[in-house]
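Reproduced below: query19.cif, with mmCIF, C-alpha atoms.
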```cif
data_target
loop_
_atom_site.group_PDB
_atom_site.id
_atom_site.type_symbol
_atom_site.label_atom_id
_atom_site.label_comp_id
_atom_site.auth_asym_id
_atom_site.auth_seq_id
_atom_site.Cartn_x
_atom_site.Cartn_y
_atom_site.Cartn_z
ATOM 1 C CA MET A 1 -10.778 -21.348 20.985
ATOM 2 C CA LEU A 2 -9.558 -17.990 19.705
ATOM 3 C CA PRO A 3 -8.585 -15.294 22.220
ATOM 4 C CA GLU A 4 -11.266 -12.697 22.864
ATOM 5 C CA GLU A 5 -9.110 -9.916 21.390
ATOM 6 C CA VAL A 6 -8.770 -11.766 18.077
ATOM 7 C CA ARG A 7 -12.445 -12.726 18.063
ATOM 8 C CA SER A 8 -13.276 -9.024 18.452
ATOM 9 C CA VAL A 9 -11.310 -8.159 15.290
ATOM 10 C CA ILE A 10 -13.108 -10.888 13.356
ATOM 11 C CA GLU A 11 -16.484 -9.569 14.508
ATOM 12 C CA GLU A 12 -15.422 -6.073 13.429
ATOM 13 C CA MET A 13 -14.646 -7.511 9.996
ATOM 14 C CA ARG A 14 -18.067 -9.169 9.831
ATOM 15 C CA ALA A 15 -19.798 -5.891 10.688
ATOM 16 C CA GLU A 16 -17.990 -3.779 8.081
ATOM 17 C CA ARG A 17 -20.285 -2.478 5.317
ATOM 18 C CA ILE A 18 -18.336 0.114 3.315
ATOM 19 C CA ARG A 19 -14.707 -0.906 2.986
ATOM 20 C CA GLY A 20 -14.094 -3.874 0.723
ATOM 21 C CA ALA A 21 -11.929 -6.936 0.260
ATOM 22 C CA SER A 22 -8.562 -5.160 0.477
ATOM 23 C CA TRP A 23 -9.380 -3.586 3.838
ATOM 24 C CA LEU A 24 -10.786 -6.838 5.198
ATOM 25 C CA ALA A 25 -7.676 -8.745 4.122
ATOM 26 C CA ARG A 26 -5.419 -6.221 5.825
ATOM 27 C CA ARG A 27 -7.545 -6.302 8.975
ATOM 28 C CA GLY A 28 -7.413 -10.084 8.890
ATOM 29 C CA ALA A 29 -3.615 -9.958 8.673
ATOM 30 C CA GLU A 30 -3.616 -7.640 11.688
ATOM 31 C CA ALA A 31 -5.679 -10.257 13.527
ATOM 32 C CA TYR A 32 -2.897 -12.783 12.842
ATOM 33 C CA ILE A 33 -0.323 -10.339 14.199
ATOM 34 C CA LEU A 34 -2.406 -9.939 17.344
ATOM 35 C CA LEU A 35 -2.703 -13.714 17.651
ATOM 36 C CA SER A 36 1.093 -14.050 17.428
ATOM 37 C CA GLU A 37 1.416 -11.713 20.420
ATOM 38 C CA LEU A 38 -0.947 -13.767 22.560
ATOM 39 C CA LEU A 39 -0.154 -17.430 21.859
ATOM 40 C CA GLU A 40 2.691 -19.773 21.007
ATOM 41 C CA GLY A 41 3.386 -23.462 20.606
ATOM 42 C CA GLU A 42 0.495 -25.913 20.428
ATOM 43 C CA GLU A 43 -2.019 -23.263 21.502
ATOM 44 C CA LEU A 44 -0.977 -21.110 18.552
ATOM 45 C CA GLU A 45 -1.207 -24.060 16.164
ATOM 46 C CA ARG A 46 -4.750 -24.860 17.284
ATOM 47 C CA ALA A 47 -5.738 -21.201 16.986
ATOM 48 C CA LEU A 48 -4.281 -21.016 13.467
ATOM 49 C CA GLU A 49 -6.352 -24.046 12.497
ATOM 50 C CA ASP A 50 -9.415 -22.147 13.726
ATOM 51 C CA MET A 51 -8.327 -19.064 11.767
ATOM 52 C CA ARG A 52 -8.147 -21.152 8.580
ATOM 53 C CA ARG A 53 -11.903 -21.560 8.973
ATOM 54 C CA GLU A 54 -12.880 -18.270 10.601
ATOM 55 C CA ILE A 55 -11.131 -15.781 8.282
ATOM 56 C CA PRO A 56 -12.645 -17.053 4.982
ATOM 57 C CA ALA A 57 -16.021 -17.414 6.724
ATOM 58 C CA VAL A 58 -16.152 -13.640 7.301
ATOM 59 C CA ASN A 59 -17.179 -13.416 3.650
ATOM 60 C CA ARG A 60 -16.810 -16.523 1.515
ATOM 61 C CA THR A 61 -17.226 -14.558 -1.699
ATOM 62 C CA MET A 62 -13.927 -12.719 -1.152
ATOM 63 C CA ALA A 63 -10.845 -14.399 -2.569
ATOM 64 C CA SER A 64 -8.565 -12.148 -0.498
ATOM 65 C CA LEU A 65 -9.669 -13.816 2.736
ATOM 66 C CA HIS A 66 -9.259 -17.297 1.238
ATOM 67 C CA ASN A 67 -5.731 -16.449 0.105
ATOM 68 C CA LEU A 68 -4.783 -14.758 3.383
ATOM 69 C CA ALA A 69 -5.784 -17.823 5.411
ATOM 70 C CA ARG A 70 -3.540 -19.993 3.248
ATOM 71 C CA PHE A 71 -0.657 -17.532 3.228
ATOM 72 C CA ILE A 72 -0.176 -17.921 6.990
ATOM 73 C CA PRO A 73 1.404 -21.291 7.893
ATOM 74 C CA ILE A 74 0.160 -23.540 10.670
ATOM 75 C CA THR A 75 3.019 -23.287 13.135
ATOM 76 C CA GLY A 76 3.734 -22.873 16.818
ATOM 77 C CA ASN A 77 6.291 -20.158 16.082
ATOM 78 C CA PRO A 78 4.724 -16.724 16.743
ATOM 79 C CA ASP A 79 7.633 -14.892 15.085
ATOM 80 C CA LEU A 80 6.970 -16.722 11.822
ATOM 81 C CA VAL A 81 3.241 -15.942 11.998
ATOM 82 C CA ARG A 82 3.937 -12.269 12.589
ATOM 83 C CA ALA A 83 6.508 -12.134 9.774
ATOM 84 C CA LYS A 84 4.132 -13.726 7.254
ATOM 85 C CA ALA A 85 1.246 -11.461 8.256
ATOM 86 C CA GLU A 86 3.446 -8.375 7.953
ATOM 87 C CA GLU A 87 4.663 -9.635 4.569
ATOM 88 C CA PHE A 88 1.058 -9.984 3.395
ATOM 89 C CA ILE A 89 0.318 -6.390 4.431
ATOM 90 C CA ARG A 90 3.493 -5.098 2.758
ATOM 91 C CA LEU A 91 2.768 -6.955 -0.487
ATOM 92 C CA GLY A 92 -0.772 -5.582 -0.482
ATOM 93 C CA GLU A 93 0.448 -2.002 -0.067
ATOM 94 C CA GLU A 94 3.037 -2.437 -2.821
ATOM 95 C CA ALA A 95 0.413 -3.987 -5.100
ATOM 96 C CA LYS A 96 -1.965 -1.070 -4.630
ATOM 97 C CA ARG A 97 0.748 1.474 -5.400
ATOM 98 C CA GLU A 98 1.687 -0.370 -8.589
ATOM 99 C CA ILE A 99 -1.956 -0.670 -9.635
ATOM 100 C CA GLY A 100 -2.246 3.080 -9.157
ATOM 101 C CA ASN A 101 0.708 3.679 -11.466
ATOM 102 C CA ILE A 102 -0.476 1.254 -14.130
ATOM 103 C CA GLY A 103 -4.151 2.176 -13.993
ATOM 104 C CA SER A 104 -3.547 5.925 -14.055
ATOM 105 C CA GLU A 105 -2.029 5.549 -17.526
ATOM 106 C CA LEU A 106 -5.452 4.481 -18.801
ATOM 107 C CA ILE A 107 -6.899 7.870 -17.838
ATOM 108 C CA ASP A 108 -6.440 10.369 -20.656
ATOM 109 C CA GLU A 109 -6.880 14.112 -20.430
ATOM 110 C CA ASN A 110 -10.551 15.041 -19.889
ATOM 111 C CA GLU A 111 -11.537 11.386 -19.415
ATOM 112 C CA VAL A 112 -15.002 10.654 -18.033
ATOM 113 C CA VAL A 113 -14.719 7.616 -15.757
ATOM 114 C CA ILE A 114 -17.744 5.701 -14.520
ATOM 115 C CA THR A 115 -17.451 3.475 -11.456
ATOM 116 C CA HIS A 116 -19.601 1.519 -9.012
ATOM 117 C CA SER A 117 -19.198 0.957 -5.258
ATOM 118 C CA PHE A 118 -16.011 1.778 -3.328
ATOM 119 C CA SER A 119 -12.723 0.240 -4.405
ATOM 120 C CA SER A 120 -9.497 1.244 -2.678
ATOM 121 C CA ALA A 121 -7.589 0.142 -5.799
ATOM 122 C CA VAL A 122 -9.713 2.374 -8.044
ATOM 123 C CA LEU A 123 -9.303 5.225 -5.578
ATOM 124 C CA GLU A 124 -5.530 4.767 -5.749
ATOM 125 C CA ILE A 125 -5.714 5.067 -9.546
ATOM 126 C CA PHE A 126 -7.621 8.327 -9.179
ATOM 127 C CA LYS A 127 -5.088 9.630 -6.645
ATOM 128 C CA VAL A 128 -2.113 8.854 -8.873
ATOM 129 C CA ALA A 129 -3.804 10.293 -11.965
ATOM 130 C CA ARG A 130 -4.472 13.461 -9.998
ATOM 131 C CA ARG A 131 -0.836 13.648 -8.846
ATOM 132 C CA LYS A 132 0.235 13.325 -12.480
ATOM 133 C CA GLY A 133 -1.766 16.452 -13.230
ATOM 134 C CA LYS A 134 -4.466 14.756 -15.281
ATOM 135 C CA HIS A 135 -7.875 16.360 -15.575
ATOM 136 C CA PHE A 136 -10.823 13.974 -15.487
ATOM 137 C CA ARG A 137 -14.210 13.608 -13.905
ATOM 138 C CA VAL A 138 -16.009 10.676 -12.352
ATOM 139 C CA ILE A 139 -19.563 9.370 -12.562
ATOM 140 C CA LEU A 140 -20.273 7.182 -9.552
ATOM 141 C CA THR A 141 -23.282 5.312 -8.278
ATOM 142 C CA GLU A 142 -24.606 5.817 -4.773
ATOM 143 C CA SER A 143 -24.313 2.010 -4.461
ATOM 144 C CA ALA A 144 -27.389 1.200 -2.388
ATOM 145 C CA PRO A 145 -28.250 -0.167 0.102
ATOM 146 C CA ASP A 146 -24.957 0.498 1.963
ATOM 147 C CA TYR A 147 -24.097 3.589 -0.105
ATOM 148 C CA GLU A 148 -20.407 2.912 -0.583
ATOM 149 C CA GLY A 149 -20.497 5.424 -3.426
ATOM 150 C CA ILE A 150 -21.076 8.271 -0.993
ATOM 151 C CA ALA A 151 -17.861 7.307 0.815
ATOM 152 C CA LEU A 152 -16.046 7.474 -2.530
ATOM 153 C CA ALA A 153 -17.638 10.851 -3.261
ATOM 154 C CA ARG A 154 -16.123 12.213 -0.032
ATOM 155 C CA GLU A 155 -12.689 10.967 -1.089
ATOM 156 C CA LEU A 156 -12.999 12.530 -4.542
ATOM 157 C CA ASP A 157 -14.155 15.763 -2.971
ATOM 158 C CA SER A 158 -11.004 15.871 -0.841
ATOM 159 C CA LEU A 159 -8.866 15.237 -3.938
ATOM 160 C CA GLY A 160 -10.539 18.001 -5.889
ATOM 161 C CA VAL A 161 -11.741 15.579 -8.570
ATOM 162 C CA PRO A 162 -15.047 16.661 -10.131
ATOM 163 C CA PHE A 163 -17.790 14.045 -9.907
ATOM 164 C CA GLU A 164 -21.498 13.430 -9.999
ATOM 165 C CA VAL A 165 -23.395 10.809 -8.035
ATOM 166 C CA ILE A 166 -26.196 8.851 -9.711
ATOM 167 C CA THR A 167 -28.711 6.306 -8.478
ATOM 168 C CA ASP A 168 -27.885 2.710 -9.331
ATOM 169 C CA ALA A 169 -30.892 2.528 -11.639
ATOM 170 C CA GLN A 170 -29.332 5.140 -13.936
ATOM 171 C CA LEU A 171 -26.261 3.077 -14.867
ATOM 172 C CA GLY A 172 -27.527 2.483 -18.387
ATOM 173 C CA LEU A 173 -28.377 6.133 -18.911
ATOM 174 C CA PHE A 174 -25.008 7.467 -17.769
ATOM 175 C CA ALA A 175 -22.725 4.759 -19.192
ATOM 176 C CA LYS A 176 -23.090 6.338 -22.639
ATOM 177 C CA LYS A 177 -21.694 9.599 -21.205
ATOM 178 C CA ALA A 178 -18.501 7.868 -20.010
ATOM 179 C CA THR A 179 -15.272 7.165 -21.894
ATOM 180 C CA LEU A 180 -13.836 4.622 -19.432
ATOM 181 C CA ALA A 181 -15.164 2.294 -16.729
ATOM 182 C CA LEU A 182 -13.102 1.329 -13.678
ATOM 183 C CA VAL A 183 -14.336 -0.961 -10.902
ATOM 184 C CA GLY A 184 -12.762 -3.051 -8.183
ATOM 185 C CA ALA A 185 -13.192 -6.742 -7.476
ATOM 186 C CA ASP A 186 -13.792 -8.962 -4.490
ATOM 187 C CA ASN A 187 -12.905 -12.076 -6.452
ATOM 188 C CA VAL A 188 -11.560 -12.917 -9.902
ATOM 189 C CA THR A 189 -12.390 -16.555 -10.520
ATOM 190 C CA ARG A 190 -10.219 -19.198 -12.133
ATOM 191 C CA ASP A 191 -12.287 -18.899 -15.329
ATOM 192 C CA GLY A 192 -11.823 -15.127 -15.496
ATOM 193 C CA ALA A 193 -15.155 -13.845 -14.163
ATOM 194 C CA VAL A 194 -15.274 -10.806 -11.881
ATOM 195 C CA VAL A 195 -17.232 -10.958 -8.627
ATOM 196 C CA ASN A 196 -17.946 -7.492 -7.254
ATOM 197 C CA LYS A 197 -20.647 -5.358 -5.654
ATOM 198 C CA ALA A 198 -24.073 -6.148 -7.122
ATOM 199 C CA GLY A 199 -24.639 -3.745 -9.996
ATOM 200 C CA THR A 200 -21.227 -4.326 -11.563
ATOM 201 C CA TYR A 201 -22.657 -6.747 -14.129
ATOM 202 C CA PRO A 202 -25.326 -4.252 -15.351
ATOM 203 C CA LEU A 203 -22.602 -1.607 -15.610
ATOM 204 C CA ALA A 204 -20.451 -3.956 -17.696
ATOM 205 C CA LEU A 205 -23.409 -4.707 -19.989
ATOM 206 C CA SER A 206 -24.164 -0.998 -20.379
ATOM 207 C CA CYS A 207 -20.529 -0.267 -21.192
ATOM 208 C CA HIS A 208 -20.458 -3.104 -23.707
ATOM 209 C CA ASP A 209 -23.514 -1.728 -25.511
ATOM 210 C CA ASN A 210 -22.022 1.771 -25.556
ATOM 211 C CA HIS A 211 -18.472 0.750 -26.540
ATOM 212 C CA VAL A 212 -16.971 1.983 -23.263
ATOM 213 C CA PRO A 213 -13.846 0.007 -22.224
ATOM 214 C CA PHE A 214 -14.479 -1.762 -18.913
ATOM 215 C CA TYR A 215 -11.477 -2.416 -16.647
ATOM 216 C CA VAL A 216 -11.190 -4.051 -13.227
ATOM 217 C CA ALA A 217 -8.547 -3.093 -10.636
ATOM 218 C CA ALA A 218 -7.563 -5.973 -8.347
ATOM 219 C CA GLU A 219 -4.495 -6.984 -6.378
ATOM 220 C CA SER A 220 -3.290 -10.465 -7.255
ATOM 221 C CA PHE A 221 -4.503 -11.832 -3.901
ATOM 222 C CA LYS A 222 -8.045 -11.317 -5.225
ATOM 223 C CA LEU A 223 -7.484 -13.965 -7.884
ATOM 224 C CA HIS A 224 -8.993 -17.193 -6.600
ATOM 225 C CA PRO A 225 -6.733 -20.176 -7.329
ATOM 226 C CA GLU A 226 -9.505 -22.781 -7.199
ATOM 227 C CA LEU A 227 -13.083 -21.588 -7.714
ATOM 228 C CA THR A 228 -14.873 -21.014 -11.003
ATOM 229 C CA SER A 229 -17.693 -18.505 -11.428
ATOM 230 C CA GLU A 230 -20.239 -21.300 -10.935
ATOM 231 C CA GLU A 231 -18.720 -22.300 -7.605
ATOM 232 C CA VAL A 232 -18.467 -18.917 -5.872
ATOM 233 C CA GLU A 233 -20.835 -18.536 -2.918
ATOM 234 C CA ILE A 234 -22.694 -15.241 -3.329
ATOM 235 C CA VAL A 235 -23.624 -13.789 0.055
ATOM 236 C CA GLU A 236 -27.129 -12.418 0.662
ATOM 237 C CA ARG A 237 -27.749 -10.084 3.598
ATOM 238 C CA PRO A 238 -31.221 -9.692 5.161
ATOM 239 C CA TYR A 239 -32.812 -6.395 4.153
ATOM 240 C CA ALA A 240 -36.271 -4.870 4.437
ATOM 241 C CA ARG A 241 -38.027 -1.662 3.365
ATOM 242 C CA GLN A 242 -41.266 -0.440 4.909
ATOM 243 C CA GLY A 243 -41.991 -3.892 6.256
ATOM 244 C CA TYR A 244 -41.278 -5.779 3.015
ATOM 245 C CA ARG A 245 -38.393 -8.138 2.461
ATOM 246 C CA VAL A 246 -36.066 -6.943 -0.295
ATOM 247 C CA ARG A 247 -33.696 -9.427 -1.917
ATOM 248 C CA ASN A 248 -30.159 -8.247 -1.226
ATOM 249 C CA PHE A 249 -27.341 -10.287 -2.743
ATOM 250 C CA LEU A 250 -24.155 -8.360 -2.062
ATOM 251 C CA PHE A 251 -22.315 -9.385 -5.227
ATOM 252 C CA ASP A 252 -22.885 -10.289 -8.840
ATOM 253 C CA VAL A 253 -20.739 -12.063 -11.431
ATOM 254 C CA THR A 254 -19.507 -10.339 -14.594
ATOM 255 C CA PRO A 255 -18.415 -12.776 -17.344
ATOM 256 C CA TRP A 256 -14.898 -12.294 -18.670
ATOM 257 C CA ARG A 257 -16.083 -11.378 -22.174
ATOM 258 C CA TYR A 258 -17.226 -7.954 -20.935
ATOM 259 C CA VAL A 259 -13.899 -7.155 -19.244
ATOM 260 C CA ARG A 260 -11.184 -5.401 -21.273
ATOM 261 C CA GLY A 261 -8.547 -6.182 -18.669
ATOM 262 C CA ILE A 262 -7.715 -6.811 -15.004
ATOM 263 C CA ILE A 263 -5.303 -4.179 -13.677
ATOM 264 C CA THR A 264 -2.943 -5.957 -11.252
ATOM 265 C CA GLU A 265 0.471 -5.161 -9.815
ATOM 266 C CA PHE A 266 1.908 -7.450 -12.514
ATOM 267 C CA GLY A 267 0.319 -5.527 -15.362
ATOM 268 C CA ILE A 268 -3.010 -5.644 -17.161
ATOM 269 C CA LEU A 269 -4.171 -9.239 -17.523
ATOM 270 C CA VAL A 270 -6.614 -10.261 -20.227
ATOM 271 C CA PRO A 271 -9.187 -12.786 -18.925
ATOM 272 C CA PRO A 272 -9.530 -15.687 -19.048
ATOM 273 C CA LYS A 273 -6.290 -16.778 -20.709
ATOM 274 C CA GLU A 274 -3.974 -14.738 -18.471
ATOM 275 C CA ILE A 275 -5.746 -15.404 -15.158
#
```

Would you mind giving the structure from this file in structure tokens?
Amino acid sequence: MLPEEVRSVIEEMRAERIRGASWLARRGAEAYILLSELLEGEELERALEDMRREIPAVNRTMASLHNLARFIPITGNPDLVRAKAEEFIRLGEEAKREIGNIGSELIDENEVVITHSFSSAVLEIFKVARRKGKHFRVILTESAPDYEGIALARELDSLGVPFEVITDAQLGLFAKKATLALVGADNVTRDGAVVNKAGTYPLALSCHDNHVPFYVAAESFKLHPELTSEEVEIVERPYARQGYRVRNFLFDVTPWRYVRGIITEFGILVPPKEI
């Protein structure tokens, strides 16, 4: 049985709609830190066994949660649990900074970048490119039904980056106006496919047809060590409009052949051979 305080963090993670896999992984690591402050010995070991099931179950599509749960050892030593959780957070922060540095080099002067959903890694690329004095603009989808794109628009507004928001249905129309595509990822499978917010696959297809290079920004903990694209569980959330059920799968799968490269802290990997 997990302590109520830790259970509360997990429920907060389940309820989150805007922030993605990186935020959830960090919040999950913070739940481990909290657990290390509350339990020790056999009680801690039993709780860690529960966490091995509970953390990935928050969203089974996200590789970050799978990898976090396996990064923390099953032990009765709370100091070790805390140290490993803090290490995971530190590595994640370092990875994002490096992705920002590497990815910003892909943005040329007067680039037109198209993106979908809200990715903290993509946002970091935009921040670093802005700090380097680059001038570019962004085309972003509203990303219905949770409208993560509007959250990104607010961030771009604060950075002074020019942008325009489009409906998801206009991806094909606006892809031809872009010179570069940048999206995040919730999972990069063992066979090199990218699992991300539903709508990413249509964007990749539109970019392919219009010869727009399509890149994915993802920390290495989003690379799944085991699952292929056929084995990933795609989560569907109940959704209705005006009394009618609307199908609402949260993610789709983009085959590796449409991806120019995966921007990681280790460099730009070319799927599937370098995954």

Test item: axis-aligned box, all listed atoms of range 150-162 of chain A, 5 Å on each side, centre and edges in Å rounded to one decimal, as AutoDock Vina command-line options:
```
--center_x -15.0 --center_y 12.7 --center_z -4.7 --size_x 22.2 --size_y 20.7 --size_z 20.9
```

Would you mind listing what lies within 12 Å of range 232-246 of chain A as JSON, numbers by chain, with all atoms listed in the file counted and same-chain residues fewer than 4 positions away left out?
{"A": [14, 15, 17, 56, 57, 58, 59, 60, 61, 62, 63, 66, 144, 145, 146, 186, 187, 188, 189, 190, 191, 193, 194, 195, 196, 197, 198, 224, 225, 226, 227, 228, 250, 251, 252, 253]}

Would you mind telling me which residue in A:Ala218, A:Leu223, A:Arg27, A:Gln170 lies nearest to Ser206 in chain A when using only C-alpha atoms?
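Of the candidates, the smallest distance to Ser206 in chain A is held by A:Gln170.
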
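Applied to this file, the PyMOL selection byres ((chain A and resi 213) around 10) selects Ala178, Thr179, Leu180, Ala181, Leu182, Ala204, Cys207, His208, Asn210, His211, Val212, Phe214, Tyr215, Tyr258, Val259, Arg260 and Gly261 of chain A.
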
Given the file shown, enumerate the residues that the PyMOL selection byres ((chain A and resi 9) around 12) captures and present them as JSON, numbers by chain.
{"A": [2, 3, 4, 5, 6, 7, 8, 10, 11, 12, 13, 14, 15, 16, 24, 25, 26, 27, 28, 29, 30, 31, 32, 33, 34, 35, 51, 54, 55, 58]}

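If you count all atoms listed in the file and draw a sphere of 10 Å around (0.2, -0.5, -10.0), the protein and nucleic acid residues inside it come out as Glu94, Ala95, Lys96, Arg97, Glu98, Ile99, Gly100, Asn101, Ile102, Gly103, Ser104, Glu105, Ala121, Glu124, Ile125, Val128, Ala217, Ala218, Glu219, Ile263, Thr264, Glu265, Phe266, Gly267 and Ile268 of chain A.
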
Calculated over all atoms listed in the file, which of the candidates A:Arg247, A:His135, A:Arg154, A:His116 has the smallest distance to Leu203 in chain A?
A:His116

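Run against this file, the PyMOL selection byres ((chain A and resi 114) around 6) gives back Val113, Thr115, Val138, Ile139, Leu140, Ala178 and Ala181 of chain A.
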
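Distance annotation: of A:Phe136, A:Glu43, A:Phe71, A:Arg131, the residue with the minimal separation from Glu86 in chain A is A:Phe71; atom set is only C-alpha atoms.
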
Please compute the CA of Glu87 in chain A-CA of Arg52 in chain A distance, one decimal, in Å.
17.7 Å

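Each of A:Ser64, A:Ser120, A:Leu48, A:Gly192 was checked against Ser229 in chain A using all atoms listed in the file; the smallest atom-to-atom distance is that of A:Gly192.
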
Minimum-distance residue to Glu230 in chain A, chosen among A:Val122, A:Asp209, A:Lys176, A:Thr254 (using only C-alpha atoms)
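Using only C-alpha atoms, the shortest distance to Glu230 in chain A belongs to A:Thr254.
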
How many Å separate CA of Phe221 in chain A from CA of Asn67 in chain A?
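Computed distance, CA of Phe221 in chain A to CA of Asn67 in chain A, equals 6.2 Å.
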
Selected residue of minimal separation from Tyr201 in chain A among A:Arg46, A:Arg257, A:Arg70, A:Lys177, counting all atoms listed in the file:
A:Arg257

What does the distance between CA of Arg130 in chain A and CA of Ala169 in chain A come to in Å, to one decimal place?
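The value is 28.6 Å.
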